[in-house]
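A.B. asks: My structure is below; once you've seen it, I'll send some questions.
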Amino acid sequence: MKKLNLSKGARTDLLTYAGVILAFIVVSTLKNNGGLNRSQVGLLVPICCYIVMAVSLNLVVGILGDLSLGHAGFMSVGAFSGIITAMALAEAIPSAPLRLALAMVVGAVCAAIFGFLIGIPVLRLSGDYLAIVTLAFGEILKEIITCLLVGVDENGLHVIFNYNGAKNANDLNLAAGGRIIIKGAQGATGTQTIASFTAGFVLILITLIVVQNLIRSRQGRAIMAVRDNRIAAEAVGISITRYKMMAFVTSASLAGAAGALFGLNYSNLAAAKFDFNTSILVLVFVVLGGLGNIWGSIIATVVLYILPEALRGFANYRMLIYAVVLILVMLTTNNPIMKGYLASLREKLGKRSEKEANEA
Amino acid sequence: MTAGSLRVLNPQNVWGAETELNRDGFYPSLHTTLKPVTRVNYLPERDADKTPILECIDLGISFGGLKAVDNFNIALGRTEIAGLIGPNGAGKTTIFNLLTKVYQPTHGTILLDGKDIAYMTTEQVNRAGIARTFQNIRLFHNQTVIDNVLIGLHNEMHYTMAESVLRLPRYWKAEKIARERALEYLSLFHLEEHAEELAGSLPYGAQRRLEIARALATNPSLLLLDEPAAGMNPSETAELMENIVRIRDTFQIAILLIEHDMNLVMNICEGIAVLNFGRIIAKGSPDDIRSNPAVVEAYLGRKGAKKL
Ligand SMILES: Nc1ncnc2c1ncn2[C@@H]1O[C@H](COP(=O)(O)OP(=O)(O)O)[C@@H](O)[C@H]1O
Ligand SMILES: [Mg+2]
């Protein structure tokens, strides 16, 4: 038999796919056999969305090395453009999965466009400046969506940009039988919830394929070169703006797709959901999972998303315990002694598996 | 003092042109009186009939009031190995930064293969054919040795982002070829067995060699080496010397190097420019430089003169 000669990176990628697929099979089996209660089932789609958010943010923060604090902004662009698409096409496309897929594509494209436009000024900055400006753009996107009134009737889409708050849903002048899709600060109301766990799983797989394959290509190497040594990257002929933009737009579009899925999971959703706190939450997943570590982002998201829910029994203390766990994780992963211990453990395990491989 | 020298010193004569009436009794137009700058170029004979790969004309830069480089003129043959020497702070690294557009020159022209690079960025200059190493090594420390060279090969690969995400055949083909080429570059510097190690974990001398390998991977026509032998022991330096000559012979490119190791410079450079306080104080073959009293006095001192 031909021996597969894989590089370390490629092996990690394959293990990540395998882990995600395995987890999906286990969870769906549990779900179909009544092994999960209602509230647990309710967590599945948001977890998928946040995994995609974390992996895509890792592309910017971990792989490109720029601290972005506005990732939730792209999620909201994706969410509301996705909701509008799905709702407007409710009659035209009766198949829910197809409508969902289309909504996610539209969400991704819209977020990518915003990512590109925001990237033009933002990517000229670096460090703290970039972080602050992305934060501002995230908030601006949220405020813009808060001003939107959108409805659909047999004449098509009606959109009002209600910048001074003087208008309300009646000004949309919908014909009889029309539906209001977005109602200003109240956000999307009466959305048909067509999101599904399977769609979330597929989106995670697509995200992993995009991000992991990108990292192990000439483009990915260029992005990491910009992160590691900007001057040296320029000196070997790498266009800084081009590759910063590539990482930023790719990340935004994946966040947009996740947003669309997220938006179509709730019948009511306000733009305020995608505020600074959400951006920080995703950033916490990325940092605790390890910068540039894709499977780390996935595991950190799952654990940290489930933890507050699992601690519901502790009522008043649950956020306290959550905070303590966060601090402990941070201390242990950044502690040099712990790091040394983990490294030696990894080495031992590596040696053992090598030995086994040699014996086999 | 002659009239000629007065004319040059006269600050009102901004054009540096002769202001006497010409024979016909008219004030001359600029066209007829601007004299071509005479440039003395020392090109190796084999390159003499071709366009120099690099030509600097009156190149200069000031930082605030400090003229870090001033009136820098050189020409480099297409397969020449040339040296840039001078005491610390003379402006040598600044010249490399000007050539690669890390700094914008305050005046002067840089011609690469006869073409002006005034409007190019660092990255475009590299694609146009200048590759460099850095005095304080700039590797991608957290990436493997082979990945460093693969990053150097970036513009030698041509598949798109869609092709890499979908892993289309062009991706596999280009990656395979690039990997083979990267190993070839590494083997030039005896680094192939370290291919999968992190660049930052290599010993100092090996890091310097890896940086040259990465620069070569960008397929340059002019290679700039900033103190390539710094921190190397004598046997490493001797090997480096051989390597530099071999690179030139194999790839038929020009190499301009900054170096303090006089043995290396005098042995492999065909042309040498000596810099002091941002100005060239001597230019010529190693023999010219050795016997140049200005160099011996101003730069090498008595000790240096003995060494030469
Ligand atoms: N970016 C800069 N800003 C101000 N001064 C600079 C800058 N870069 C270089 N210099 C000055 O230019 C002079 C030449 O420096 P450099 O080219 O590094 O010398 P060396 O010949 O040792 O390589 C020094 O006096 C240095 O301080
Ligand atoms: Mg220097």
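FYI, nothing fancy with the structure tokens labels: chains A, B, ... in order, residues from 1 per chain, ligands from 1 as they appear.
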Using only C-alpha atoms, determine which residues lie at most 6 Å from Leu84 in chain B, disregarding the query and same-chain residues fewer than 5 positions distant; provide the list as an MDAnalysis selection string.
C.D. replies: chainID B and resid 257:258 272:273
A.B. asks: Write as a list of chain:residue names the residues around ligand 2, taking 9 Å as the cut-off and counting only C-alpha atoms and all ligand atoms.
C.D. replies: B:Asn88, B:Gly89, B:Ala90, B:Gly91, B:Lys92, B:Thr93, B:Thr94, B:Phe96, B:Phe134, B:Gln135, B:Asn136, B:Asp226, B:Glu227, B:Ile258
A.B. asks: With N, CA, C and O atoms retained, write the just-selected residues as a PDB file, in the first residue's frame.
C.D. replies:
ATOM      1  N   ASN B  88      30.903  52.520   9.931  1.00  0.00           N
ATOM      2  CA  ASN B  88      29.517  52.485  10.415  1.00  0.00           C
ATOM      3  C   ASN B  88      28.879  53.858  10.330  1.00  0.00           C
ATOM      4  O   ASN B  88      29.512  54.855  10.648  1.00  0.00           O
ATOM      5  N   GLY B  89      27.644  53.894   9.901  1.00  0.00           N
ATOM      6  CA  GLY B  89      26.940  55.165   9.794  1.00  0.00           C
ATOM      7  C   GLY B  89      27.278  55.936   8.533  1.00  0.00           C
ATOM      8  O   GLY B  89      26.842  57.072   8.358  1.00  0.00           O
ATOM      9  N   ALA B  90      28.013  55.297   7.602  1.00  0.00           N
ATOM     10  CA  ALA B  90      28.411  56.002   6.386  1.00  0.00           C
ATOM     11  C   ALA B  90      27.235  56.182   5.432  1.00  0.00           C
ATOM     12  O   ALA B  90      27.249  57.056   4.573  1.00  0.00           O
ATOM     13  N   GLY B  91      26.221  55.338   5.576  1.00  0.00           N
ATOM     14  CA  GLY B  91      25.064  55.451   4.692  1.00  0.00           C
ATOM     15  C   GLY B  91      24.878  54.263   3.769  1.00  0.00           C
ATOM     16  O   GLY B  91      24.081  54.304   2.825  1.00  0.00           O
ATOM     17  N   LYS B  92      25.570  53.181   4.046  1.00  0.00           N
ATOM     18  CA  LYS B  92      25.512  52.022   3.147  1.00  0.00           C
ATOM     19  C   LYS B  92      24.121  51.380   3.141  1.00  0.00           C
ATOM     20  O   LYS B  92      23.523  51.151   2.088  1.00  0.00           O
ATOM     21  N   THR B  93      23.615  51.080   4.337  1.00  0.00           N
ATOM     22  CA  THR B  93      22.286  50.467   4.416  1.00  0.00           C
ATOM     23  C   THR B  93      21.232  51.410   3.844  1.00  0.00           C
ATOM     24  O   THR B  93      20.282  50.974   3.198  1.00  0.00           O
ATOM     25  N   THR B  94      21.428  52.716   4.079  1.00  0.00           N
ATOM     26  CA  THR B  94      20.480  53.694   3.536  1.00  0.00           C
ATOM     27  C   THR B  94      20.421  53.593   2.014  1.00  0.00           C
ATOM     28  O   THR B  94      19.341  53.707   1.420  1.00  0.00           O
ATOM     29  N   PHE B  96      20.864  50.854   0.230  1.00  0.00           N
ATOM     30  CA  PHE B  96      20.027  49.685  -0.071  1.00  0.00           C
ATOM     31  C   PHE B  96      18.547  50.037   0.097  1.00  0.00           C
ATOM     32  O   PHE B  96      17.704  49.616  -0.699  1.00  0.00           O
ATOM     33  N   PHE B 134      18.871  41.646   4.756  1.00  0.00           N
ATOM     34  CA  PHE B 134      18.887  42.751   5.718  1.00  0.00           C
ATOM     35  C   PHE B 134      20.053  42.601   6.694  1.00  0.00           C
ATOM     36  O   PHE B 134      20.448  41.496   7.034  1.00  0.00           O
ATOM     37  N   GLN B 135      20.568  43.770   7.103  1.00  0.00           N
ATOM     38  CA  GLN B 135      21.686  43.755   8.060  1.00  0.00           C
ATOM     39  C   GLN B 135      21.272  43.045   9.360  1.00  0.00           C
ATOM     40  O   GLN B 135      21.983  42.191   9.853  1.00  0.00           O
ATOM     41  N   ASN B 136      20.092  43.424   9.886  1.00  0.00           N
ATOM     42  CA  ASN B 136      19.535  42.686  11.021  1.00  0.00           C
ATOM     43  C   ASN B 136      18.516  41.722  10.430  1.00  0.00           C
ATOM     44  O   ASN B 136      17.445  42.108  10.006  1.00  0.00           O
ATOM     45  N   ASP B 226      23.359  42.774   2.573  1.00  0.00           N
ATOM     46  CA  ASP B 226      23.788  43.727   3.593  1.00  0.00           C
ATOM     47  C   ASP B 226      24.539  42.981   4.697  1.00  0.00           C
ATOM     48  O   ASP B 226      23.933  42.303   5.507  1.00  0.00           O
ATOM     49  N   GLU B 227      25.845  43.090   4.670  1.00  0.00           N
ATOM     50  CA  GLU B 227      26.735  42.429   5.640  1.00  0.00           C
ATOM     51  C   GLU B 227      26.443  40.942   5.763  1.00  0.00           C
ATOM     52  O   GLU B 227      26.132  40.440   6.852  1.00  0.00           O
ATOM     53  N   ILE B 258      27.410  44.831   0.894  1.00  0.00           N
ATOM     54  CA  ILE B 258      27.996  45.667   1.941  1.00  0.00           C
ATOM     55  C   ILE B 258      28.733  44.714   2.859  1.00  0.00           C
ATOM     56  O   ILE B 258      28.176  43.690   3.255  1.00  0.00           O
TER      57      ILE B 258
END
A.B. asks: Work out how far CA of Ala82 in chain B is from CA of Val296 in chain B, in Å to one decimal.
C.D. replies: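 Computed distance, CA of Val296 in chain B to CA of Ala82 in chain B, equals 19.1 Å.
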A.B. asks: Residues of chain A within 9 Å of chain B, using only C-alpha atoms, as a VMD selection string?
C.D. replies: chain A and resid 209 to 214 216 to 219 221 to 222 224 to 225 228 to 229 231 to 240 246
A.B. asks: Suppose you want the space between CA of His190 in chain B and CA of Thr250 in chain B; what is it in Å?
C.D. replies: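 CA of Thr250 in chain B lies at a distance of 16.1 Å from CA of His190 in chain B.
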A.B. asks: Residues within 6 Å of range 65-78 of chain B, please, as a short mmCIF file (atom, residue, chain, number, x, y, z; two decimals) with N, CA, C and O atoms, in the first residue's frame. Count only C-alpha atoms; anything in the same chain fewer than 2 positions from it doesn't count.
C.D. replies:
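Saved as selection36.cif:
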data_model
loop_
_atom_site.label_atom_id
_atom_site.label_comp_id
_atom_site.auth_asym_id
_atom_site.auth_seq_id
_atom_site.Cartn_x
_atom_site.Cartn_y
_atom_site.Cartn_z
N ASN B 41 32.18 55.01 -15.46
CA ASN B 41 31.70 53.73 -14.98
C ASN B 41 32.77 52.67 -15.11
O ASN B 41 33.43 52.57 -16.14
N LEU B 43 32.80 49.18 -15.46
CA LEU B 43 32.10 47.91 -15.65
C LEU B 43 33.12 46.84 -16.03
O LEU B 43 34.09 47.14 -16.71
N ASP B 47 30.75 42.87 -19.42
CA ASP B 47 29.45 43.54 -19.35
C ASP B 47 29.46 44.91 -20.00
O ASP B 47 28.43 45.58 -20.09
N PRO B 52 24.01 48.76 -18.14
CA PRO B 52 24.28 48.35 -16.76
C PRO B 52 22.98 47.89 -16.11
O PRO B 52 21.91 48.42 -16.41
N ILE B 53 23.06 46.89 -15.23
CA ILE B 53 21.83 46.44 -14.56
C ILE B 53 21.33 47.51 -13.60
O ILE B 53 20.13 47.70 -13.42
N LEU B 54 22.26 48.24 -13.01
CA LEU B 54 21.87 49.30 -12.07
C LEU B 54 22.70 50.54 -12.35
O LEU B 54 23.91 50.46 -12.57
N GLU B 55 22.02 51.67 -12.35
CA GLU B 55 22.74 52.92 -12.49
C GLU B 55 22.12 53.92 -11.53
O GLU B 55 20.91 54.14 -11.55
N CYS B 56 22.92 54.51 -10.67
CA CYS B 56 22.45 55.56 -9.76
C CYS B 56 23.06 56.86 -10.22
O CYS B 56 24.27 56.94 -10.44
N ILE B 57 22.21 57.86 -10.40
CA ILE B 57 22.70 59.15 -10.86
C ILE B 57 22.34 60.21 -9.82
O ILE B 57 21.17 60.45 -9.56
N ASP B 58 23.37 60.79 -9.23
CA ASP B 58 23.20 61.86 -8.25
C ASP B 58 22.16 61.51 -7.19
O ASP B 58 21.35 62.34 -6.79
N LEU B 59 22.20 60.27 -6.73
CA LEU B 59 21.21 59.80 -5.77
C LEU B 59 21.49 60.40 -4.39
O LEU B 59 22.64 60.51 -3.99
N GLY B 60 20.43 60.80 -3.70
CA GLY B 60 20.65 61.36 -2.36
C GLY B 60 19.40 61.36 -1.53
O GLY B 60 18.27 61.32 -2.04
N ILE B 61 19.58 61.38 -0.22
CA ILE B 61 18.45 61.49 0.70
C ILE B 61 18.90 62.25 1.95
O ILE B 61 20.03 62.08 2.41
N SER B 62 18.03 63.12 2.44
CA SER B 62 18.34 63.76 3.73
C SER B 62 17.27 63.42 4.73
O SER B 62 16.09 63.32 4.41
N PHE B 63 17.69 63.20 5.96
CA PHE B 63 16.76 63.04 7.08
C PHE B 63 16.84 64.32 7.89
O PHE B 63 17.84 64.55 8.57
N GLU B 80 28.26 41.56 -12.54
CA GLU B 80 29.35 42.05 -11.70
C GLU B 80 29.09 41.74 -10.22
O GLU B 80 27.95 41.76 -9.76
N GLY B 91 26.22 55.34 5.58
CA GLY B 91 25.06 55.45 4.69
C GLY B 91 24.88 54.26 3.77
O GLY B 91 24.08 54.30 2.83
N ALA B 254 23.83 40.17 -11.11
CA ALA B 254 24.75 41.11 -10.47
C ALA B 254 24.54 41.05 -8.96
O ALA B 254 23.42 40.83 -8.49
N GLY B 278 28.17 59.57 3.81
CA GLY B 278 27.16 59.65 2.76
C GLY B 278 27.68 59.94 1.37
O GLY B 278 26.92 60.02 0.42
N ARG B 279 29.01 60.14 1.25
CA ARG B 279 29.55 60.44 -0.08
C ARG B 279 30.57 59.38 -0.49
O ARG B 279 31.26 58.81 0.35
#
A.B. asks: From the DSSP assignment of the backbone, select every residue of range 202-275 of chain B that is strand (DSSP E or B), and format the answer as a PyMOL selection string.
C.D. replies: chain B and resi 222-226+254-258+271-275
A.B. asks: Counting only C-alpha atoms, what is within 6 Å of Ile255 in chain B, bar same-chain residues fewer than 3 positions away, as a ChimeraX atom specification?
C.D. replies: /B:81,222-224
A.B. asks: Would you mind reading off the distance between CA of Val287 in chain A and CA of Phe24 in chain A, one decimal, in Å?
C.D. replies: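 Result for CA of Val287 in chain A versus CA of Phe24 in chain A: 24.2 Å, one decimal.
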A.B. asks: When you count only C-alpha atoms and all ligand atoms, which of these residues is closest to ligand 1: B:Tyr42, B:Tyr185, B:Tyr119, B:Phe277?
C.D. replies: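 Selected residue with least distance to ligand 1: B:Phe277.
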